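The structure appears right after this line, and notes come after that.
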Amino acid sequence: MAMPVEHVEREKLYTDTVYRFTYVAKFVDFGADDVAAIKATAPIVAPLVPAIVDAVYEKLFSFDITKQVFMPRNDGFKGNTATSFEDLTLTHDQIKFRKDFLSRYLLKLVSADYTNTSFISYLDWVGRIHTDSPKKKSRINVEYIHINALFGWLNGFLIEALEDKVEETERARTLSAYSKLLWIQNDLFARYYVKDGAEFAEVGRVGYGHSGLQKWLENHVVHVAVAQFVVIATFGLIWLSRSGLNGLGV
């Protein structure tokens with residue numbers, strides 16, 4: 001008996017954000033079990049948000065090419081920007097502003113409804129704001145080579161950070177779930193860098209609907225891109241594990 005072939009509408013991959021999420025999630029077999037495995041670690045990670053945020057910026061400031069991304073004014077920041085590269089420190093007001101935003105973002109990620117289309121649109125926005133998009137005010141642009149390198153680095157260190165902190169019976173499932181999410185989030189960034197689908201004028205419209213999302217959830221496939229939580233949290237997990245801090249087991 002021939003294996004059924006599911007039809008995918010190419011245009012909708014570039015014009016309907018949730019449809020795109022659904023396709024990528026289903027392709028990598030990211031489902032309800034993966035979400036459960038990730039959410040099981042969230043109550044432990046949430047109290048560590050301040051340490052995670054600090055670890056993220058320490059890493060980003062360890063390379064001049066990634067640190068310089070933070071020189072331009074951030075959307076919504078009303079204070080004084082750094083006057084020189086050397087003046088931009090981890091305690092600068094603009095970095096504090098970014099850290100505050102990141103903290104709120106992380107808390108939202110661990111408490112949000114993953115089937116909510118507005119939340120999915122918000123996650124997609126996180127990818128878009130890293131590019132020089134006409135839909136945002138600032139001209140901050142992070143070149144994709146750094147985004148991709150980050151995901152590659154995170155994937156390897158994620159295993160190192162979690163393998164001895166998750167119960168053996170749950171370890172493979174948890175690491176697999178985080179790995180899948182990293183690739184889903186990578187797609188959310190990549191879509192704003194590659195030229196694929198450029199012939200379609202409207203990009204990023206959420207139109208699949210809540211009923212469709214609920215159907216996928218019931219079928220054990222959840223189309224959600226919460227991997228920035230993975231990206232940011234992993235930095236913290238790695239930092240914490242290397243600092244000899246315990247208590248992250250689930």
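Just so we're on the same page: first chain in the structure tokens is A, next is B, and so on; residues restart at 1 for each chain, and ligands are numbered from 1 in the order they show up.
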Counting only C-alpha atoms, which residues of stretch 27-60 of chain A sit at most 9 Å from some atom of stretch 181-195 of chain A, and what is each one's closest atom pair with its distance in Å to one decimal, listed by chain and rising residue number, as CSV?
```
residue,atom,partner,partner_atom,distance
A:Val28,CA,A:Ile184,CA,8.4
A:Phe30,CA,A:Leu181,CA,7.7
A:Asp34,CA,A:Leu181,CA,8.9
```
Generate the output file for the selected residues, all heavy atoms, as a PDB file, in the first residue's frame.
```pdb
ATOM      1  N   VAL A  28       9.139  18.044  11.371  1.00  0.00           N
ATOM      2  CA  VAL A  28      10.147  17.606  12.353  1.00  0.00           C
ATOM      3  C   VAL A  28       9.531  16.763  13.468  1.00  0.00           C
ATOM      4  O   VAL A  28      10.210  16.419  14.439  1.00  0.00           O
ATOM      5  CB  VAL A  28      10.900  18.815  12.957  1.00  0.00           C
ATOM      6  CG1 VAL A  28      11.590  19.616  11.887  1.00  0.00           C
ATOM      7  CG2 VAL A  28       9.966  19.696  13.786  1.00  0.00           C
ATOM      8  N   PHE A  30       7.279  17.530  15.719  1.00  0.00           N
ATOM      9  CA  PHE A  30       7.173  18.253  16.986  1.00  0.00           C
ATOM     10  C   PHE A  30       5.718  18.252  17.409  1.00  0.00           C
ATOM     11  O   PHE A  30       4.864  18.839  16.749  1.00  0.00           O
ATOM     12  CB  PHE A  30       7.676  19.682  16.828  1.00  0.00           C
ATOM     13  CG  PHE A  30       7.640  20.478  18.105  1.00  0.00           C
ATOM     14  CD1 PHE A  30       8.631  20.307  19.054  1.00  0.00           C
ATOM     15  CD2 PHE A  30       6.627  21.387  18.357  1.00  0.00           C
ATOM     16  CE1 PHE A  30       8.604  21.035  20.243  1.00  0.00           C
ATOM     17  CE2 PHE A  30       6.588  22.121  19.532  1.00  0.00           C
ATOM     18  CZ  PHE A  30       7.583  21.946  20.481  1.00  0.00           C
ATOM     19  N   ASP A  34       6.362  16.664  22.964  1.00  0.00           N
ATOM     20  CA  ASP A  34       7.524  17.558  23.013  1.00  0.00           C
ATOM     21  C   ASP A  34       7.221  18.791  23.844  1.00  0.00           C
ATOM     22  O   ASP A  34       8.051  19.254  24.635  1.00  0.00           O
ATOM     23  CB  ASP A  34       7.923  17.962  21.594  1.00  0.00           C
ATOM     24  CG  ASP A  34       8.337  16.776  20.757  1.00  0.00           C
ATOM     25  OD1 ASP A  34       9.315  16.113  21.125  1.00  0.00           O
ATOM     26  OD2 ASP A  34       7.673  16.508  19.744  1.00  0.00           O
TER      27      ASP A  34
END
```
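Among the candidate residues A:Val126, A:Ala46, A:Ala36, A:Leu90, the one lying nearest to A:Thr174 is A:Ala36, with distances computed using only C-alpha atoms.
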query: When you draw a straight line from atom CA of A:Ala149 to atom CA of A:Leu102, how long is it in Å?
result: 20.5 Å
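Within 9 Å of A:Gln94, once only C-alpha atoms are used and residues closer than 5 positions along the same chain are dropped, the contacting residues are Phe70, Met71, Arg73, Asn74, Phe77, Lys78, Gly79, Asn80, Thr81, Ala82, Leu88 and Lys99 of chain A.
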Next, dump the selected residues to file, keeping only N, CA and C atoms, as a PDB file, in the first residue's frame.
```pdb
ATOM      1  N   PHE A  70      24.349  46.135  19.136  1.00  0.00           N
ATOM      2  CA  PHE A  70      23.614  46.843  20.180  1.00  0.00           C
ATOM      3  C   PHE A  70      23.936  48.335  20.252  1.00  0.00           C
ATOM      4  N   MET A  71      24.751  48.824  19.329  1.00  0.00           N
ATOM      5  CA  MET A  71      25.075  50.244  19.323  1.00  0.00           C
ATOM      6  C   MET A  71      23.888  51.129  18.916  1.00  0.00           C
ATOM      7  N   ARG A  73      20.075  52.694  18.518  1.00  0.00           N
ATOM      8  CA  ARG A  73      18.987  52.848  19.491  1.00  0.00           C
ATOM      9  C   ARG A  73      17.945  51.753  19.295  1.00  0.00           C
ATOM     10  N   ASN A  74      17.531  51.184  20.386  1.00  0.00           N
ATOM     11  CA  ASN A  74      16.493  50.163  20.353  1.00  0.00           C
ATOM     12  C   ASN A  74      15.112  50.814  20.312  1.00  0.00           C
ATOM     13  N   PHE A  77      13.369  52.792  23.398  1.00  0.00           N
ATOM     14  CA  PHE A  77      14.329  53.298  24.383  1.00  0.00           C
ATOM     15  C   PHE A  77      14.429  54.813  24.266  1.00  0.00           C
ATOM     16  N   LYS A  78      14.226  55.529  25.377  1.00  0.00           N
ATOM     17  CA  LYS A  78      14.207  56.992  25.373  1.00  0.00           C
ATOM     18  C   LYS A  78      15.467  57.609  25.960  1.00  0.00           C
ATOM     19  N   GLY A  79      16.343  56.786  26.527  1.00  0.00           N
ATOM     20  CA  GLY A  79      17.538  57.317  27.173  1.00  0.00           C
ATOM     21  C   GLY A  79      18.667  57.592  26.207  1.00  0.00           C
ATOM     22  N   ASN A  80      19.836  57.813  26.736  1.00  0.00           N
ATOM     23  CA  ASN A  80      21.022  58.096  25.924  1.00  0.00           C
ATOM     24  C   ASN A  80      21.664  56.792  25.443  1.00  0.00           C
ATOM     25  N   THR A  81      22.029  56.785  24.172  1.00  0.00           N
ATOM     26  CA  THR A  81      22.724  55.624  23.633  1.00  0.00           C
ATOM     27  C   THR A  81      24.225  55.759  23.880  1.00  0.00           C
ATOM     28  N   ALA A  82      24.944  54.667  23.710  1.00  0.00           N
ATOM     29  CA  ALA A  82      26.390  54.685  23.925  1.00  0.00           C
ATOM     30  C   ALA A  82      27.057  55.573  22.882  1.00  0.00           C
ATOM     31  N   LEU A  88      29.759  51.176  25.559  1.00  0.00           N
ATOM     32  CA  LEU A  88      28.656  50.217  25.624  1.00  0.00           C
ATOM     33  C   LEU A  88      29.052  49.046  26.520  1.00  0.00           C
ATOM     34  N   LYS A  99      17.559  44.090  28.545  1.00  0.00           N
ATOM     35  CA  LYS A  99      17.463  42.989  29.497  1.00  0.00           C
ATOM     36  C   LYS A  99      16.073  42.911  30.117  1.00  0.00           C
TER      37      LYS A  99
END
```
field: Pick from A:Glu86, A:Asp100, A:Glu167, A:Glu6, whichever lies nearest to A:Asp54 using only C-alpha atoms
entry: A:Asp100
- request: Name the residues of stretch 57-197 of chain A that fall into helix (DSSP H, G or I) according to DSSP on the backbone, using the chain letters and numbers of this document, as a PyMOL selection string.
  value: chain A and resi 57-60+64-70+93-109+117-128+144-162+168-190
message: So, with only C-alpha atoms as the atoms that count, which of A:Asp196, A:Ser111, A:Phe85, A:Tyr19 lies closest to A:Pro43?
response: A:Ser111
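Distance annotation: of A:Tyr114, A:Tyr178, A:Phe97, A:Tyr57, the residue with the minimal separation from A:Phe21 is A:Tyr114; atom set is only C-alpha atoms.
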- request: Just give me the gap between atom CA of A:Ile65 and atom CA of A:Lys96 in Å, one decimal is fine.
  value: 19.9 Å
query: What is the distance between atom CA of A:Gly31 and atom CA of A:Ile52, in Å to one decimal?
result: 26.1 Å
